[in-house]
$ cat start_3.txt   # compact mmCIF, C-alpha atoms
# COMPACT_ATOMS: atom_id res chain seq x y z
CA MET A 671 19.18 -12.30 -19.67
CA GLY A 672 15.87 -12.32 -21.52
CA PHE A 673 15.12 -8.66 -20.89
CA ALA A 674 16.83 -5.64 -22.31
CA ALA A 675 15.83 -2.41 -24.01
CA GLY A 676 12.08 -2.19 -24.47
CA TRP A 677 8.84 -0.75 -23.12
CA TYR A 678 7.77 -2.11 -19.74
CA ALA A 679 4.39 -1.74 -18.01
CA LEU A 680 4.69 -0.29 -14.50
CA ALA A 681 1.06 0.10 -13.41
CA LEU A 682 -2.56 -0.01 -14.49
CA GLY A 683 -3.62 3.36 -15.86
CA ASP A 684 -6.92 3.65 -14.02
CA GLY A 685 -5.29 2.56 -10.76
CA LEU A 686 -3.44 5.86 -10.61
CA GLU A 687 -5.93 8.62 -9.83
CA PRO A 688 -5.24 12.23 -10.90
CA GLY A 689 -3.18 14.01 -8.26
CA THR A 690 -1.56 10.83 -6.89
CA SER A 691 1.76 9.04 -7.12
CA ALA A 692 3.02 5.48 -6.68
CA GLY A 693 6.50 4.10 -6.16
CA THR A 694 7.74 1.12 -8.12
CA GLN A 695 10.96 -0.46 -9.38
CA LEU A 696 12.32 -1.63 -12.72
CA PHE A 697 15.49 -3.74 -12.71
CA ASP A 698 15.97 -2.66 -9.06
CA LYS A 699 15.82 1.04 -10.05
CA GLU A 700 13.32 3.02 -7.96
CA LEU A 701 10.81 4.94 -10.11
CA VAL A 702 7.86 7.17 -9.28
CA VAL A 703 4.77 6.99 -11.47
CA TRP A 704 2.47 9.96 -10.94
CA ARG A 705 -0.54 11.57 -12.55
CA ASP A 706 -0.95 15.33 -12.50
CA ALA A 707 -4.21 17.22 -12.02
CA SER A 708 -4.72 17.50 -15.79
CA GLY A 709 -4.60 13.69 -16.09
CA ALA A 710 -1.18 13.25 -17.71
CA SER A 711 1.04 10.50 -16.28
CA HIS A 712 4.77 10.76 -15.68
CA VAL A 713 7.58 8.30 -14.89
CA TRP A 714 10.65 9.68 -13.14
CA GLU A 715 13.56 8.59 -11.07
CA ASP A 716 12.09 8.26 -7.55
CA ARG A 717 14.58 10.52 -5.86
CA CYS A 718 14.42 14.15 -4.76
CA PRO A 719 17.76 15.78 -5.77
CA HIS A 720 17.81 17.66 -2.46
CA ARG A 721 18.22 14.87 0.11
CA GLY A 722 17.46 11.71 -1.85
CA MET A 723 13.98 11.16 -0.41
CA ARG A 724 11.65 9.04 -2.56
CA LEU A 725 9.29 11.41 -4.40
CA SER A 726 6.60 8.71 -4.27
CA PHE A 727 6.40 9.39 -0.51
CA GLY A 728 5.48 12.98 -1.35
CA PHE A 729 2.33 14.49 -2.74
CA VAL A 730 0.97 15.93 -5.97
CA ARG A 731 -0.28 19.50 -6.00
CA GLY A 732 -1.85 20.55 -9.30
CA ASN A 733 0.69 19.72 -11.98
CA HIS A 734 3.64 19.64 -9.58
CA ILE A 735 4.92 16.83 -7.39
CA ALA A 736 6.35 17.82 -4.02
CA CYS A 737 8.84 16.05 -1.78
CA LEU A 738 7.66 14.92 1.67
CA TYR A 739 10.83 16.16 3.39
CA HIS A 740 11.05 19.86 2.57
CA GLY A 741 8.32 20.44 0.00
CA TRP A 742 10.55 21.09 -3.02
CA GLN A 743 8.18 21.15 -6.01
CA TYR A 744 8.91 19.88 -9.52
CA ASP A 745 6.99 20.63 -12.72
CA GLU A 746 5.92 18.16 -15.43
CA ALA A 747 9.41 18.24 -16.98
CA GLY A 748 11.14 17.39 -13.69
CA GLN A 749 12.41 20.94 -13.22
CA CYS A 750 12.39 22.22 -9.62
CA ARG A 751 10.12 25.28 -9.48
CA HIS A 752 9.65 26.05 -5.80
CA ILE A 753 11.70 25.68 -2.61
CA PRO A 754 9.52 26.61 0.39
CA ALA A 755 12.50 27.56 2.59
CA HIS A 756 13.56 30.10 -0.08
CA PRO A 757 10.23 31.25 -1.57
CA THR A 758 11.68 34.13 -3.58
CA LEU A 759 14.57 32.13 -5.03
CA GLU A 760 14.75 31.68 -8.81
CA VAL A 761 15.46 27.94 -8.75
CA PRO A 762 18.56 27.02 -10.80
CA GLU A 763 17.96 24.96 -13.96
CA THR A 764 20.39 22.36 -12.65
CA ILE A 765 17.94 21.17 -9.95
CA LYS A 766 16.08 18.63 -12.06
CA VAL A 767 14.78 15.08 -11.60
CA PRO A 768 15.78 12.58 -14.34
CA THR A 769 12.65 11.67 -16.33
CA TYR A 770 11.77 8.74 -18.58
CA ALA A 771 9.67 8.59 -21.73
CA SER A 772 6.31 6.94 -20.99
CA VAL A 773 2.99 6.22 -22.68
CA GLU A 774 -0.41 4.85 -21.70
CA ALA A 775 -1.52 1.92 -23.85
CA ALA A 776 -3.66 -1.18 -23.36
CA GLY A 777 -4.86 0.26 -20.04
CA MET A 778 -1.33 0.39 -18.63
CA ILE A 779 1.42 2.94 -18.05
CA TRP A 780 4.61 1.97 -19.89
CA VAL A 781 8.13 3.30 -19.53
CA ARG A 782 10.79 3.30 -22.25
CA TRP A 783 13.79 1.34 -21.02
CA ASP A 784 16.41 2.35 -21.78
CA GLY A 785 16.67 4.97 -24.52
CA GLU A 786 16.14 4.80 -28.31
CA ALA A 787 17.03 1.09 -28.49
CA ALA A 788 13.62 0.37 -26.94
CA GLY A 789 11.94 0.87 -30.31
CA GLN A 790 8.27 1.72 -30.84
CA PRO A 791 5.87 1.99 -27.87
CA PRO A 792 3.29 -0.81 -27.40
CA ALA A 793 0.06 -0.72 -29.42
CA ASP A 794 -2.92 0.85 -27.67
CA ILE A 795 -5.21 -2.18 -27.92
CA ALA A 796 -8.64 -2.01 -26.28
CA ALA A 797 -8.23 -3.43 -22.78
CA VAL A 798 -10.04 -3.39 -19.44
CA PRO A 799 -7.47 -3.24 -16.61
CA VAL A 800 -7.95 -5.95 -13.96
CA ARG A 801 -5.13 -5.92 -11.44
CA SER A 802 -1.40 -5.84 -10.87
CA LEU A 803 0.15 -8.94 -9.35
CA TYR A 804 3.41 -8.86 -7.38
CA LEU A 805 5.42 -12.06 -7.12
CA ASP A 806 8.38 -13.05 -4.98
CA ARG A 807 10.17 -14.66 -7.93
CA GLU A 808 12.95 -13.79 -10.39
CA PRO A 809 11.58 -12.10 -13.55
CA GLU A 810 13.46 -14.51 -15.86
CA THR A 811 12.00 -17.52 -14.05
CA VAL A 812 8.47 -16.13 -14.22
CA ALA A 813 8.84 -15.49 -17.96
CA GLN A 814 10.25 -19.00 -18.51
CA LEU A 815 7.48 -20.66 -16.50
CA LEU A 816 4.84 -18.79 -18.51
CA ALA A 817 6.55 -19.47 -21.86
CA ALA A 818 6.96 -23.14 -21.03
CA GLY A 819 3.27 -23.52 -20.21
CA ARG A 820 3.98 -24.62 -16.65
CA ALA A 821 1.34 -22.36 -15.10
CA GLY A 822 -1.26 -22.79 -17.84
CA SER A 823 -1.30 -22.13 -21.55
CA PHE A 824 0.23 -18.76 -22.41
CA GLU A 825 1.20 -17.31 -25.76
CA THR A 826 4.44 -15.35 -25.61
CA LEU A 827 3.90 -12.06 -27.45
CA SER A 828 7.29 -10.58 -26.57
CA PRO A 829 9.90 -11.30 -23.86
CA GLY A 830 7.73 -9.33 -21.45
CA SER A 831 4.14 -9.83 -22.60
CA PHE A 832 1.82 -12.82 -22.76
CA ALA A 833 -1.74 -13.69 -23.76
CA THR A 834 -4.05 -16.38 -22.48
CA ALA A 835 -7.73 -17.33 -22.51
CA LEU A 836 -9.86 -17.88 -19.43
CA GLU A 837 -13.48 -19.05 -19.61
CA GLY A 838 -14.17 -17.17 -22.82
CA ALA A 839 -12.19 -14.07 -21.90
CA ASP A 840 -8.95 -13.00 -23.55
CA LEU A 841 -6.28 -11.80 -21.14
CA PHE A 842 -3.16 -9.74 -21.72
CA LEU A 843 -0.30 -9.88 -19.23
CA ALA A 844 2.63 -7.46 -19.15
CA LEU A 845 5.66 -8.49 -17.12
CA GLN A 846 7.59 -5.89 -15.11
CA PRO A 847 11.11 -7.05 -14.11
CA TYR A 848 10.78 -5.36 -10.73
CA ALA A 849 13.94 -6.48 -8.98
CA ALA A 850 16.36 -9.41 -8.97
CA GLU A 851 13.91 -11.60 -7.06
CA ARG A 852 10.63 -9.78 -7.59
CA THR A 853 8.28 -9.56 -10.57
CA ALA A 854 5.07 -7.73 -11.34
CA LEU A 855 2.44 -8.89 -13.82
CA HIS A 856 -0.10 -6.32 -14.99
CA ILE A 857 -3.27 -7.98 -16.21
CA ALA A 858 -5.98 -6.64 -18.53
CA ARG A 859 -8.99 -8.21 -20.21
CA THR A 860 -8.86 -7.74 -23.98
CA GLY A 861 -11.95 -9.71 -24.91
CA GLY A 862 -15.02 -11.46 -23.50
CA ASP A 863 -17.08 -10.44 -20.51
CA LEU A 864 -15.90 -12.68 -17.67
CA PRO A 865 -16.40 -10.67 -14.44
CA LEU A 866 -13.21 -8.86 -13.43
CA LYS A 867 -13.45 -10.27 -9.91
CA ASP A 868 -13.26 -13.80 -11.33
CA ILE A 869 -10.12 -12.84 -13.25
CA ALA A 870 -8.66 -11.33 -10.08
CA MET A 871 -9.26 -14.62 -8.22
CA TRP A 872 -7.64 -16.57 -11.07
CA ALA A 873 -4.69 -14.18 -10.80
CA GLU A 874 -4.24 -15.02 -7.10
CA GLU A 875 -3.96 -18.69 -8.04
CA LEU A 876 -1.56 -17.87 -10.86
CA ARG A 877 0.62 -15.99 -8.37
CA ALA A 878 0.64 -18.96 -6.01
CA SER A 879 1.65 -21.28 -8.88
CA LEU A 880 4.37 -19.01 -10.21
CA GLU A 881 5.88 -18.60 -6.74
CA ALA A 882 5.81 -22.32 -5.96
CA LEU A 883 6.70 -24.05 -9.25
CA PRO A 884 10.24 -25.46 -9.24
CA ALA A 885 12.54 -23.64 -11.64
CA ALA A 886 14.82 -26.68 -11.71
CA GLY A 887 12.01 -28.61 -13.39
CA LEU A 888 12.27 -26.43 -16.48
CA ALA A 889 13.95 -28.26 -19.35
CA PRO A 890 17.13 -26.50 -20.49
CA ALA A 891 15.56 -26.07 -23.93
CA ALA A 892 12.63 -24.23 -22.42
CA ARG A 893 14.96 -21.99 -20.45
CA GLN A 894 16.82 -21.08 -23.63
CA ALA A 895 13.62 -20.53 -25.54
CA GLY A 896 12.36 -18.22 -22.82
CA ALA A 897 15.57 -16.27 -22.72
CA ALA A 898 15.75 -15.96 -26.49
CA ALA A 899 12.11 -15.03 -27.03
CA MET B 1397 -19.47 9.85 32.45
CA SER B 1398 -16.00 10.69 31.35
CA LEU B 1399 -13.74 8.71 29.10
CA VAL B 1400 -10.07 8.35 30.03
CA LEU B 1401 -7.64 6.89 27.49
CA HIS B 1402 -4.27 5.70 28.74
CA ASP B 1403 -2.28 6.38 25.63
CA TYR B 1404 1.14 6.43 24.03
CA GLU B 1405 1.56 8.72 21.03
CA LEU B 1406 3.74 6.25 19.06
CA ASP B 1407 1.56 3.21 19.84
CA SER B 1408 -0.44 2.19 16.75
CA ASP B 1409 -3.10 0.43 18.86
CA SER B 1410 -3.69 3.58 20.91
CA TYR B 1411 -3.93 5.48 17.62
CA LYS B 1412 -6.84 3.28 16.48
CA VAL B 1413 -8.81 4.39 19.54
CA ARG B 1414 -7.85 8.04 19.15
CA LEU B 1415 -8.94 7.83 15.51
CA LEU B 1416 -12.39 6.43 16.34
CA LEU B 1417 -12.88 8.89 19.23
CA SER B 1418 -12.13 11.71 16.80
CA ALA B 1419 -14.43 10.31 14.11
CA LEU B 1420 -17.23 10.00 16.68
CA GLY B 1421 -16.48 13.48 18.00
CA LEU B 1422 -16.24 12.21 21.59
CA PRO B 1423 -14.47 14.29 24.23
CA TYR B 1424 -12.03 12.32 26.39
CA ALA B 1425 -9.10 12.77 28.72
CA LYS B 1426 -5.76 11.46 27.52
CA VAL B 1427 -3.18 10.14 29.99
CA ALA B 1428 0.28 9.94 28.39
CA VAL B 1429 2.04 6.75 29.48
CA ASN B 1430 5.84 6.68 29.44
CA VAL B 1431 6.28 3.52 27.36
CA HIS B 1432 9.72 4.39 26.04
CA PRO B 1433 12.05 4.45 27.80
CA GLY B 1434 10.06 4.18 31.05
CA HIS B 1435 8.06 0.93 30.50
CA GLU B 1436 5.45 2.56 32.71
CA GLN B 1437 2.73 0.34 31.20
CA ARG B 1438 4.35 -2.56 33.09
CA SER B 1439 4.52 -0.73 36.44
CA PRO B 1440 2.48 -2.19 39.34
CA ALA B 1441 -0.06 0.61 39.04
CA TYR B 1442 -0.65 -0.11 35.34
CA LEU B 1443 -0.63 -3.87 35.77
CA ARG B 1444 -3.60 -3.39 38.09
CA LEU B 1445 -5.44 -1.74 35.17
CA ASN B 1446 -4.21 -4.24 32.58
CA PRO B 1447 -2.28 -7.37 33.61
CA LEU B 1448 -1.06 -7.76 30.01
CA GLY B 1449 1.06 -4.65 30.48
CA ASN B 1450 0.14 -3.03 27.16
CA LEU B 1451 -1.86 -0.13 25.76
CA PRO B 1452 -4.36 1.26 25.11
CA ILE B 1453 -6.51 1.15 28.25
CA LEU B 1454 -9.90 2.85 28.32
CA VAL B 1455 -11.52 3.76 31.63
CA ASP B 1456 -15.18 4.75 31.51
CA GLY B 1457 -16.50 5.25 35.04
CA GLU B 1458 -16.45 1.81 36.68
CA THR B 1459 -15.50 0.08 33.41
CA THR B 1460 -11.88 -0.64 32.47
CA LEU B 1461 -11.13 -2.13 29.05
CA ARG B 1462 -7.94 -3.26 27.38
CA ASP B 1463 -7.37 -4.41 23.75
CA SER B 1464 -7.92 -1.85 21.00
CA GLY B 1465 -10.41 -4.11 19.19
CA ALA B 1466 -12.59 -4.50 22.27
CA ILE B 1467 -12.39 -0.77 22.98
CA LEU B 1468 -13.39 0.10 19.39
CA CYS B 1469 -16.45 -2.19 19.67
CA TYR B 1470 -17.39 -0.76 23.07
CA LEU B 1471 -17.21 2.83 21.85
CA ALA B 1472 -19.14 2.04 18.67
CA ARG B 1473 -21.91 0.23 20.55
CA LEU B 1474 -22.21 3.01 23.10
CA HIS B 1475 -21.87 6.13 20.95
CA ASP B 1476 -22.51 5.30 17.27
CA ARG B 1477 -26.28 5.61 17.07
CA GLU B 1478 -26.32 5.15 13.29
CA GLY B 1479 -24.61 1.79 13.55
CA GLN B 1480 -22.08 2.76 10.87
CA TRP B 1481 -18.89 1.58 12.56
CA LEU B 1482 -20.17 -1.74 13.94
CA PRO B 1483 -23.21 -2.78 11.90
CA ALA B 1484 -26.06 -4.59 13.68
CA ASN B 1485 -26.89 -6.77 10.65
CA PRO B 1486 -25.26 -10.19 11.25
CA VAL B 1487 -23.47 -10.42 7.89
CA PRO B 1488 -21.60 -7.10 7.96
CA PHE B 1489 -21.17 -7.53 11.74
CA GLY B 1490 -19.46 -10.87 11.15
CA GLU B 1491 -17.27 -9.41 8.40
CA VAL B 1492 -16.23 -6.47 10.56
CA MET B 1493 -15.38 -8.84 13.41
CA MET B 1494 -13.39 -11.06 11.03
CA TRP B 1495 -11.17 -8.10 10.11
CA LEU B 1496 -10.94 -6.93 13.72
CA PHE B 1497 -9.56 -10.32 14.75
CA PHE B 1498 -7.28 -10.26 11.70
CA ALA B 1499 -5.99 -6.87 12.86
CA GLY B 1500 -5.35 -8.23 16.35
CA ALA B 1501 -3.77 -11.53 15.33
CA ASP B 1502 -2.48 -11.53 11.75
CA LEU B 1503 -1.22 -7.94 11.89
CA ALA B 1504 0.48 -8.47 15.27
CA PRO B 1505 3.77 -9.27 13.49
CA ALA B 1506 3.56 -5.88 11.73
CA THR B 1507 3.10 -4.13 15.07
CA LEU B 1508 6.07 -6.04 16.46
CA ALA B 1509 8.19 -5.36 13.37
CA ARG B 1510 7.67 -1.64 13.83
CA LEU B 1511 8.47 -1.71 17.55
CA HIS B 1512 11.58 -3.75 16.74
CA HIS B 1513 12.78 -1.15 14.23
CA MET B 1514 11.85 1.91 16.28
CA LEU B 1515 12.22 0.93 19.93
CA GLU B 1516 14.53 -2.10 19.71
CA VAL B 1517 11.89 -4.52 21.02
CA PRO B 1518 13.34 -8.05 20.50
CA ALA B 1519 11.98 -9.84 17.41
CA ASP B 1520 13.04 -12.06 14.52
CA ALA B 1521 13.09 -9.22 11.96
CA ASP B 1522 12.95 -11.54 8.91
CA ALA B 1523 10.06 -13.61 10.30
CA VAL B 1524 7.89 -10.67 11.36
CA GLY B 1525 8.66 -8.88 8.09
CA ALA B 1526 7.56 -11.90 6.03
CA ALA B 1527 4.43 -12.37 8.13
CA SER B 1528 3.59 -8.68 7.67
CA ARG B 1529 3.90 -8.98 3.90
CA ARG B 1530 1.63 -12.06 3.90
CA ALA B 1531 -1.02 -10.13 5.83
CA PHE B 1532 -0.73 -7.01 3.62
CA ARG B 1533 -1.09 -9.20 0.53
CA ILE B 1534 -4.34 -10.67 1.90
CA MET B 1535 -5.60 -7.13 2.54
CA ASP B 1536 -4.60 -5.93 -0.94
CA ASP B 1537 -6.21 -8.96 -2.61
CA HIS B 1538 -9.42 -8.23 -0.70
CA MET B 1539 -9.52 -4.52 -1.59
CA THR B 1540 -8.61 -5.32 -5.23
CA LYS B 1541 -11.72 -7.49 -5.51
CA ARG B 1542 -13.82 -4.98 -3.57
CA GLU B 1543 -12.86 -2.19 -5.99
CA LEU B 1544 -13.61 -4.38 -9.01
CA GLU B 1545 -17.13 -4.80 -7.59
CA GLY B 1546 -17.50 -1.06 -7.03
CA PHE B 1547 -16.88 -0.88 -3.29
CA ALA B 1548 -14.54 1.50 -1.50
CA TRP B 1549 -14.27 0.01 2.01
CA PHE B 1550 -13.32 -3.33 3.58
CA VAL B 1551 -16.94 -4.10 4.57
CA GLY B 1552 -20.21 -2.69 3.24
CA ASP B 1553 -20.52 0.69 1.55
CA GLN B 1554 -19.12 2.98 4.24
CA ALA B 1555 -16.17 3.06 6.63
CA THR B 1556 -16.39 0.65 9.58
CA LEU B 1557 -14.24 -0.42 12.51
CA ALA B 1558 -12.51 -2.79 10.05
CA ASP B 1559 -10.99 0.18 8.21
CA ILE B 1560 -9.93 1.86 11.46
CA ALA B 1561 -8.32 -1.31 12.84
CA LEU B 1562 -6.50 -2.23 9.60
CA PHE B 1563 -5.21 1.22 8.67
CA PRO B 1564 -2.27 1.85 11.07
CA ALA B 1565 -0.18 -1.26 10.30
CA ILE B 1566 0.03 -0.61 6.55
CA ALA B 1567 0.10 3.18 6.86
CA LEU B 1568 3.15 2.83 9.15
CA SER B 1569 4.82 -0.03 7.26
CA ARG B 1570 7.61 2.19 5.94
CA ASP B 1571 8.74 2.48 9.58
CA PHE B 1572 9.83 -1.16 9.29
CA GLY B 1573 11.02 -1.23 5.70
CA ILE B 1574 7.91 -2.33 3.76
CA ASP B 1575 6.98 0.09 0.98
CA HIS B 1576 3.48 0.49 -0.41
CA ASP B 1577 4.61 -0.22 -3.99
CA GLU B 1578 3.14 -3.75 -4.07
CA TYR B 1579 -0.25 -2.81 -2.63
CA PRO B 1580 -1.98 -0.53 -5.17
CA ALA B 1581 -5.48 -1.21 -3.86
CA LEU B 1582 -4.36 -0.44 -0.29
CA ARG B 1583 -2.69 2.74 -1.51
CA ARG B 1584 -6.00 3.96 -2.92
CA TRP B 1585 -7.93 2.77 0.16
CA MET B 1586 -5.52 4.61 2.49
CA ARG B 1587 -6.33 7.82 0.64
CA ARG B 1588 -10.02 7.19 1.26
CA VAL B 1589 -9.42 6.54 4.97
CA ARG B 1590 -7.85 10.01 5.15
CA THR B 1591 -11.15 11.50 3.97
CA ILE B 1592 -13.12 10.10 6.94
CA PRO B 1593 -14.56 13.12 8.79
CA GLY B 1594 -12.50 13.62 11.94
CA PHE B 1595 -9.46 11.77 10.53
CA ILE B 1596 -6.31 12.45 12.56
CA THR B 1597 -2.69 11.41 12.05
CA MET B 1598 0.05 10.07 14.29
CA PRO B 1599 3.85 10.30 14.03
CA GLY B 1600 4.86 8.39 10.88
CA ILE B 1601 1.61 9.14 9.03
CA PRO B 1602 1.91 12.48 7.19
CA ASP B 1603 -1.17 14.68 7.33
CA TYR B 1604 -1.25 15.31 3.60
CA HIS B 1605 -1.24 12.93 0.67
$ encode --input "start_3.txt" --output "structure tokens"
Amino acid sequence: MGFAAGWYALALGDGLEPGTSAGTQLFDKELVVWRDASGASHVWEDRCPHRGMRLSFGFVRGNHIACLYHGWQYDEAGQCRHIPAHPTLEVPETIKVPTYASVEAAGMIWVRWDGEAAGQPPADIAAVPVRSLYLDREPETVAQLLAAGRAGSFETLSPGSFATALEGADLFLALQPYAAERTALHIARTGGDLPLKDIAMWAEELRASLEALPAAGLAPAARQAGAAA
Amino acid sequence: MSLVLHDYELDSDSYKVRLLLSALGLPYAKVAVNVHPGHEQRSPAYLRLNPLGNLPILVDGETTLRDSGAILCYLARLHDREGQWLPANPVPFGEVMMWLFFAGADLAPATLARLHHMLEVPADADAVGAASRRAFRIMDDHMTKRELEGFAWFVGDQATLADIALFPAIALSRDFGIDHDEYPALRRWMRRVRTIPGFITMPGIPDYH
């Protein structure tokens, strides 16, 4: 297992408009990423404590996120503040959504996984977000293919982040271990002025390569290097 | 002239027509067809209107039309004087038609996947699910590039029939087990579709977001 405690990118920052939410997964765990009306982003467990509905199916109102089922509203700290069926009720402190530490850096929203062992958050380098890419491939295999140079020349910055150059532009890629057989790559331009659409088209080809390349073709040494990086 | 739409509330193709009729502000009469469990759309009376035995069917005086894509084009040509929904210019016209045919052909597995999950219509669930994801990926790739070039809609700089025809399959995809997590550009575009004046919902598409 090449991935453990650390900070993982879940989305592009400017792809999440104020007052909206998006569902995602990390290591098969469902998370909601949402941005309140004041512009602050939040990463929580994607589960309303009431009936287990995904909060990402709900809607953001001001600085609260509300569940689609029965409209229970939660504040920025995950504390339930309003239950429409019992409007005068003082909501008990125990009705709370588990939250995760998160930061915005390098044009992306990152979550701390899992706890203090994750270390320092990623550096907020100047970056222009391009797109998020979702692949039907195991996260470990994607990381190994990138590290081994099978899909082009990539520099491994950490087990979950890579850099490459494309026609004079510098690109930064953050890998999200989405689920056992699914991976996301969040891509930003960190240098140069290659049009973003061109980078997006390159990314489509990268996705096709990373989904099609045989994992069995990876030399055992490369597999170990990828896992140990 | 009076428009009559033979309609089923849960049918996503009928919804496309209801959505355009609402956006155009056109009055019409709605005839509710008992699709489930009655299969009324395949009764002799309905097969005379549409031998394919499906919905929607639009009757406008002496004219009877089937196929939601054809009905959308007919209504736009007849009632959209500004030419917003079906542009006259050959390039955007061709692009709108490309997405209309995509909606009718490449998104057909998504329609079937939903009917399979909801109404037990026979289907290979894995195959139609995979085909749906392929189609949604093509849509998300397109809207990703459109946004990077500063555009908000599938074609041109305002909503067209392409947006109407493509919206239901992805908006309803949770009905057949496909979340929106992997389609960030479509998620943002679906919010824009909801801002179209006259936008209406159908069961499975919440009215707030």
$ residues_around --input "start_3.txt" --residues "Gly683 of chain A" --least-positions-apart "5" --cutoff "10 Å" --atoms "only C-alpha atoms" --output "ChimeraX atom specification"
/A:705,711,773-780,798-799
$ atom_distance --input "start_3.txt" --atom1 "atom CA of Ala839 of chain A" --atom2 "atom CA of Val800 of chain A"
12.1 Å
$ residues_around --input "start_3.txt" --residues "segment 1446-1459 of chain B" --least-positions-apart "2" --cutoff "7 Å" --atoms "all atoms listed in the file" --output "list in words"
Met1397, Ser1398, Leu1399, Val1400, Leu1401, His1402, Asp1403, Asp1409, Ser1410, Gln1437, Arg1438, Tyr1442, Leu1443, Arg1444, Leu1461, Arg1462, Asp1463, Ser1464 and Ile1467 of chain B
$ interface_residues --input "start_3.txt" --of "chain A" --to "chain B" --cutoff "9 Å" --atoms "all atoms listed in the file" --output "ChimeraX atom specification"
/A:681,685-687,690,692-695,727-730,738,800-804,854,865-868,870-871,874
$ residues_near_point --input "start_3.txt" --point "(5.3, -1.7, 23.8)" --cutoff "8 Å" --atoms "all atoms listed in the file" --output "MDAnalysis selection string"
chainID B and resid 1407 1431:1432 1435 1450:1451 1511 1517
$ residues_around --input "start_3.txt" --residues "Glu881 of chain A" --least-positions-apart "3" --cutoff "8 Å" --atoms "only C-alpha atoms" --output "PyMOL selection string"
chain A and resi 805-807+877-878
$ closest_residue --input "start_3.txt" --among "B:Phe1498, B:Leu1468, B:Ala1531, B:Met1493" --to "Tyr1411 of chain B" --atoms "all atoms listed in the file"
B:Leu1468
$ atom_distance --input "start_3.txt" --atom1 "atom CA of Ala1504 of chain B" --atom2 "atom CA of Thr853 of chain A"
27.0 Å
$ residues_near_point --input "start_3.txt" --point "(10.5, 18.4, -14.7)" --cutoff "8 Å" --atoms "only C-alpha atoms" --output "ChimeraX atom specification"
/A:744-750,766-769
$ write_last_selection --input "start_3.txt" --atoms "C-alpha atoms" --output "PDB file, in the coordinates of the input"
ATOM      1  CA  TYR A 744       8.910  19.880  -9.520  1.00  0.00           C
ATOM      2  CA  ASP A 745       6.990  20.630 -12.720  1.00  0.00           C
ATOM      3  CA  GLU A 746       5.920  18.160 -15.430  1.00  0.00           C
ATOM      4  CA  ALA A 747       9.410  18.240 -16.980  1.00  0.00           C
ATOM      5  CA  GLY A 748      11.140  17.390 -13.690  1.00  0.00           C
ATOM      6  CA  GLN A 749      12.410  20.940 -13.220  1.00  0.00           C
ATOM      7  CA  CYS A 750      12.390  22.220  -9.620  1.00  0.00           C
ATOM      8  CA  LYS A 766      16.080  18.630 -12.060  1.00  0.00           C
ATOM      9  CA  VAL A 767      14.780  15.080 -11.600  1.00  0.00           C
ATOM     10  CA  PRO A 768      15.780  12.580 -14.340  1.00  0.00           C
ATOM     11  CA  THR A 769      12.650  11.670 -16.330  1.00  0.00           C
TER      12      THR A 769
END
$ axis_aligned_box --input "start_3.txt" --around "segment 867-881 of chain A" --padding-each-side "5 Å" --output "AutoDock Vina command-line options"
--center_x -3.8 --center_y -15.8 --center_z -9.6 --size_x 29.3 --size_y 21.0 --size_z 17.2
